[in-house]
Amino acid sequence: MLVDPHGRTFKYLRLSLNNSCNFRCSYCLPNGYKNGMIESKNLDLNEIKNLALAFSHLGVEKIRLTGGEPTLREDLVKIIETLKKIQGIKQVTLSTNGFRLKSLTKHLIDAGLDGINISIDSLDRANFQRITKRDFLPSILSGIDSILETKTLKVKVNAVLLRDLNDAEISDFINYVQDKDLSVRFIELMQTKDNQDYFQKHHLSSKFLKDYLSLNGWYPIPRLNLAGPAQEYGHHHSLGRIGIIAPFDQNFCGGCNRLRVNAQGALRLCLFGDGNFDLRPFLQSEFQLSELSSRIKELLNIKPLEHRLIHNDPGSLTSFSSIGG
Ligand code: SAM
Ligand code: SF4
């Protein structure tokens with residue numbers, strides 16, 4: 001079991017597969033991904049397998065694949081198949097901007113994927129394009145419909161809550177989930193080293209959304225064991241759910257149950273921490289598993305108690321695309 005000195009248990013790993021992305025979300029990569037910007041060689045399938053074996057030995061049961069944009073990796077399906085074969089890994093899920101949903105869905109399902117998070121910051125085509133610089137909304141929405149028809153994958157939609165950009169669309173999202181078995185989760189915008197001015201301009205506390213939901217008959221749903229940080233809400237007249245991810249909430253870090261590894265194999269103990277710890281030298285062979293496990297356990301001893309976002313300090317994080325959120 002992975003337990004840190006603050007008594008928190010870690011059964012959930014977020015593994016980034018690349019730093020690159022084809023979108024230019026205004027809060028994340030406004031100038032786009034520039035080749036060679038941060039990237040050295042991404043972990044290969046064998047290194048990913050060794051990493052997952054060690055984490056599963058240490059009690060990790062869920063792995064979320066993220067990026068950059070993980071669907072840009074040609075070996076994504078093979079990676080999912082490999083992870084699904086590892087004893088102890090109960091869930092493999094994916095975060096994506098959704099641009100390849102149509103061509104990939106069948107392969108993802110056949111590979112055994114358990115759930116998919118798709119980022120959609122606006123349900124209005126022009127506004128979606130304004131925020132992401134890409135005109136893919138219609139194909140992403142129809143991709144989601146096709147997934148829902150299969151009734152095999154758990155679907156979540158993530159929307160970053162942005163003052164003056166999408167805060168007038170809350171009721172559109174509520175209408176959207178009404179007849180769909182999915183959850184739309186609003187993520188409060190977080191600052192990084194690269195988006196400080198943008199943060200000042202577009203950050204909106206999620207409290208107003210929380211108040212809006214309770215005033216309009218939405219009730220909180222209890223959190224499951226391997227769940228992420230969202231507080232989800234249900235409504236008697238809605239099939240779908242609304243969630244809120246509120247990183248500035250007092251109890252946010254106390255409930256932390258995840259660790260992160262970047263695309264080059266470095267452990268990041270806290271999203272807003274000060275550094276990455278290279279595990280790659282221990283990922284080269286299955287015979288290094290016990291060394292790797294000891295290193296991970298040792299590093300867990302210095303996991304910080306909490307982030308310092310309320311003091312406007314995002315640590316060394318430049319952009320979420322470098323670690324996957
Ligand atoms: N490209 C994929 C996607 O967009 O879903 C996966 C990687 S992306 C970095 C993961 C999540 O982080 C997305 O839901 C994105 O909206 C969110 N994100 C990125 N930058 C953020 C920020 N500054 N504050 C809050 N959420 C952010
Ligand atoms: Fe790309 Fe995801 Fe960042 Fe948007 S949020 S730029 S899709 S990595």
# chains A, B, ... in the order shown; residues from 1 in each chain; ligands from 1
>>> residues_around(residues="Leu43 in chain A", least_positions_apart="3", cutoff="8 Å", atoms="only C-alpha atoms", output="mmCIF file with N, CA, C and O atoms, in the first residue's frame")
data_model
loop_
_atom_site.group_PDB
_atom_site.id
_atom_site.type_symbol
_atom_site.label_atom_id
_atom_site.label_comp_id
_atom_site.auth_asym_id
_atom_site.auth_seq_id
_atom_site.Cartn_x
_atom_site.Cartn_y
_atom_site.Cartn_z
ATOM 1 N N LEU A 17 1.170 10.510 -21.530
ATOM 2 C CA LEU A 17 1.813 9.767 -22.622
ATOM 3 C C LEU A 17 2.612 10.656 -23.561
ATOM 4 O O LEU A 17 3.398 10.171 -24.361
ATOM 5 N N GLU A 47 8.585 0.431 -21.088
ATOM 6 C CA GLU A 47 8.787 1.243 -19.880
ATOM 7 C C GLU A 47 7.443 1.475 -19.170
ATOM 8 O O GLU A 47 7.358 1.443 -17.936
ATOM 9 N N ILE A 48 6.394 1.697 -19.968
ATOM 10 C CA ILE A 48 5.062 1.918 -19.381
ATOM 11 C C ILE A 48 4.601 0.660 -18.643
ATOM 12 O O ILE A 48 4.062 0.718 -17.535
ATOM 13 N N ALA A 263 5.399 12.165 -19.167
ATOM 14 C CA ALA A 263 5.623 11.330 -20.355
ATOM 15 C C ALA A 263 7.067 10.866 -20.483
ATOM 16 O O ALA A 263 7.373 9.979 -21.269
ATOM 17 N N GLN A 264 7.952 11.464 -19.683
ATOM 18 C CA GLN A 264 9.354 11.040 -19.720
ATOM 19 C C GLN A 264 9.710 10.203 -18.480
ATOM 20 O O GLN A 264 10.877 9.981 -18.177
ATOM 21 N N GLY A 265 8.673 9.789 -17.737
ATOM 22 C CA GLY A 265 8.915 8.852 -16.644
ATOM 23 C C GLY A 265 9.330 9.486 -15.332
ATOM 24 O O GLY A 265 9.972 8.841 -14.509
#
>>> residues_near_ligand(ligand="ligand 2", cutoff="12 Å", atoms="only C-alpha atoms and all ligand atoms", output="ChimeraX atom specification")
/A:16-34,66-72,94-100,117-121,128-129,131-134,136,158-160,187,189-190,318-325
>>> closest_residue(among="A:Gln200, A:Asn312, A:Gln178, A:Asn195", to="ligand 1", atoms="only C-alpha atoms and all ligand atoms")
A:Asn195
>>> residues_around(residues="Arg295 in chain A", least_positions_apart="3", cutoff="12 Å", atoms="only C-alpha atoms", output="ChimeraX atom specification")
/A:2,51,54-55,58,266-267,277-283,288-292,298-302
>>> select_by_dssp(residues="range 121-211 of chain A", states="strand (DSSP E)", output="list of chain:residue names")
A:Lys154, A:Val155, A:Lys156, A:Val157, A:Asn158, A:Ala159, A:Val160, A:Leu161, A:Ser183, A:Val184, A:Arg185, A:Phe186, A:Ile187, A:Glu188
>>> residues_around(residues="Gly275 in chain A", least_positions_apart="3", cutoff="9 Å", atoms="only C-alpha atoms", output="VMD selection string")
chain A and resid 267 to 270 272 315 to 317
>>> atom_distance(atom1="CA of Leu108 in chain A", atom2="CA of Ser139 in chain A")
17.3 Å
>>> closest_residue(among="A:His236, A:Arg185, A:Arg130, A:Lys90", to="ligand 1", atoms="only C-alpha atoms and all ligand atoms")
A:Arg185
>>> residues_around(residues="Leu153 in chain A", least_positions_apart="3", cutoff="12 Å", atoms="only C-alpha atoms", output="list in words")
Gln91, Val92, Thr93, Leu94, Thr105, Lys106, Leu108, Ile109, Asp110, Ala111, Gly112, Leu113, Asp114, Gly115, Ile116, Asn117, Ile144, Asp145, Ser146, Ile147, Leu148, Glu149, Thr150, Lys156, Asp181 and Leu182 of chain A
>>> closest_residue(among="A:Gln250, A:Arg258, A:Asp194, A:His235", to="ligand 1", atoms="only C-alpha atoms and all ligand atoms")
A:Asp194
>>> residues_around(residues="Asn251 in chain A", least_positions_apart="5", cutoff="12 Å", atoms="only C-alpha atoms", output="compact mmCIF listing (two decimals) with N, CA and C atoms, in the first residue's frame")
# COMPACT_ATOMS: atom_id res chain seq x y z
N PRO A 229 -11.46 14.08 -7.96
CA PRO A 229 -11.73 15.10 -6.95
C PRO A 229 -13.09 15.79 -7.11
N ALA A 230 -13.88 15.37 -8.10
CA ALA A 230 -15.14 16.10 -8.35
C ALA A 230 -16.19 15.76 -7.31
N GLN A 231 -16.93 16.77 -6.88
CA GLN A 231 -18.17 16.53 -6.14
C GLN A 231 -19.28 16.52 -7.19
N ILE A 245 -15.13 20.57 -9.71
CA ILE A 245 -13.78 20.32 -9.19
C ILE A 245 -13.25 21.65 -8.67
N ALA A 246 -13.09 21.71 -7.36
CA ALA A 246 -12.81 23.00 -6.71
C ALA A 246 -11.46 22.95 -5.98
N CYS A 256 -6.62 14.02 -1.46
CA CYS A 256 -5.78 13.64 -2.60
C CYS A 256 -5.53 12.12 -2.58
N LEU A 305 1.95 18.31 1.95
CA LEU A 305 0.61 18.22 2.54
C LEU A 305 -0.43 18.89 1.66
N GLU A 306 -0.05 20.03 1.07
CA GLU A 306 -1.04 20.77 0.27
C GLU A 306 -0.35 21.70 -0.72
N HIS A 307 -1.12 22.13 -1.73
CA HIS A 307 -0.56 23.08 -2.69
C HIS A 307 -0.64 24.50 -2.12
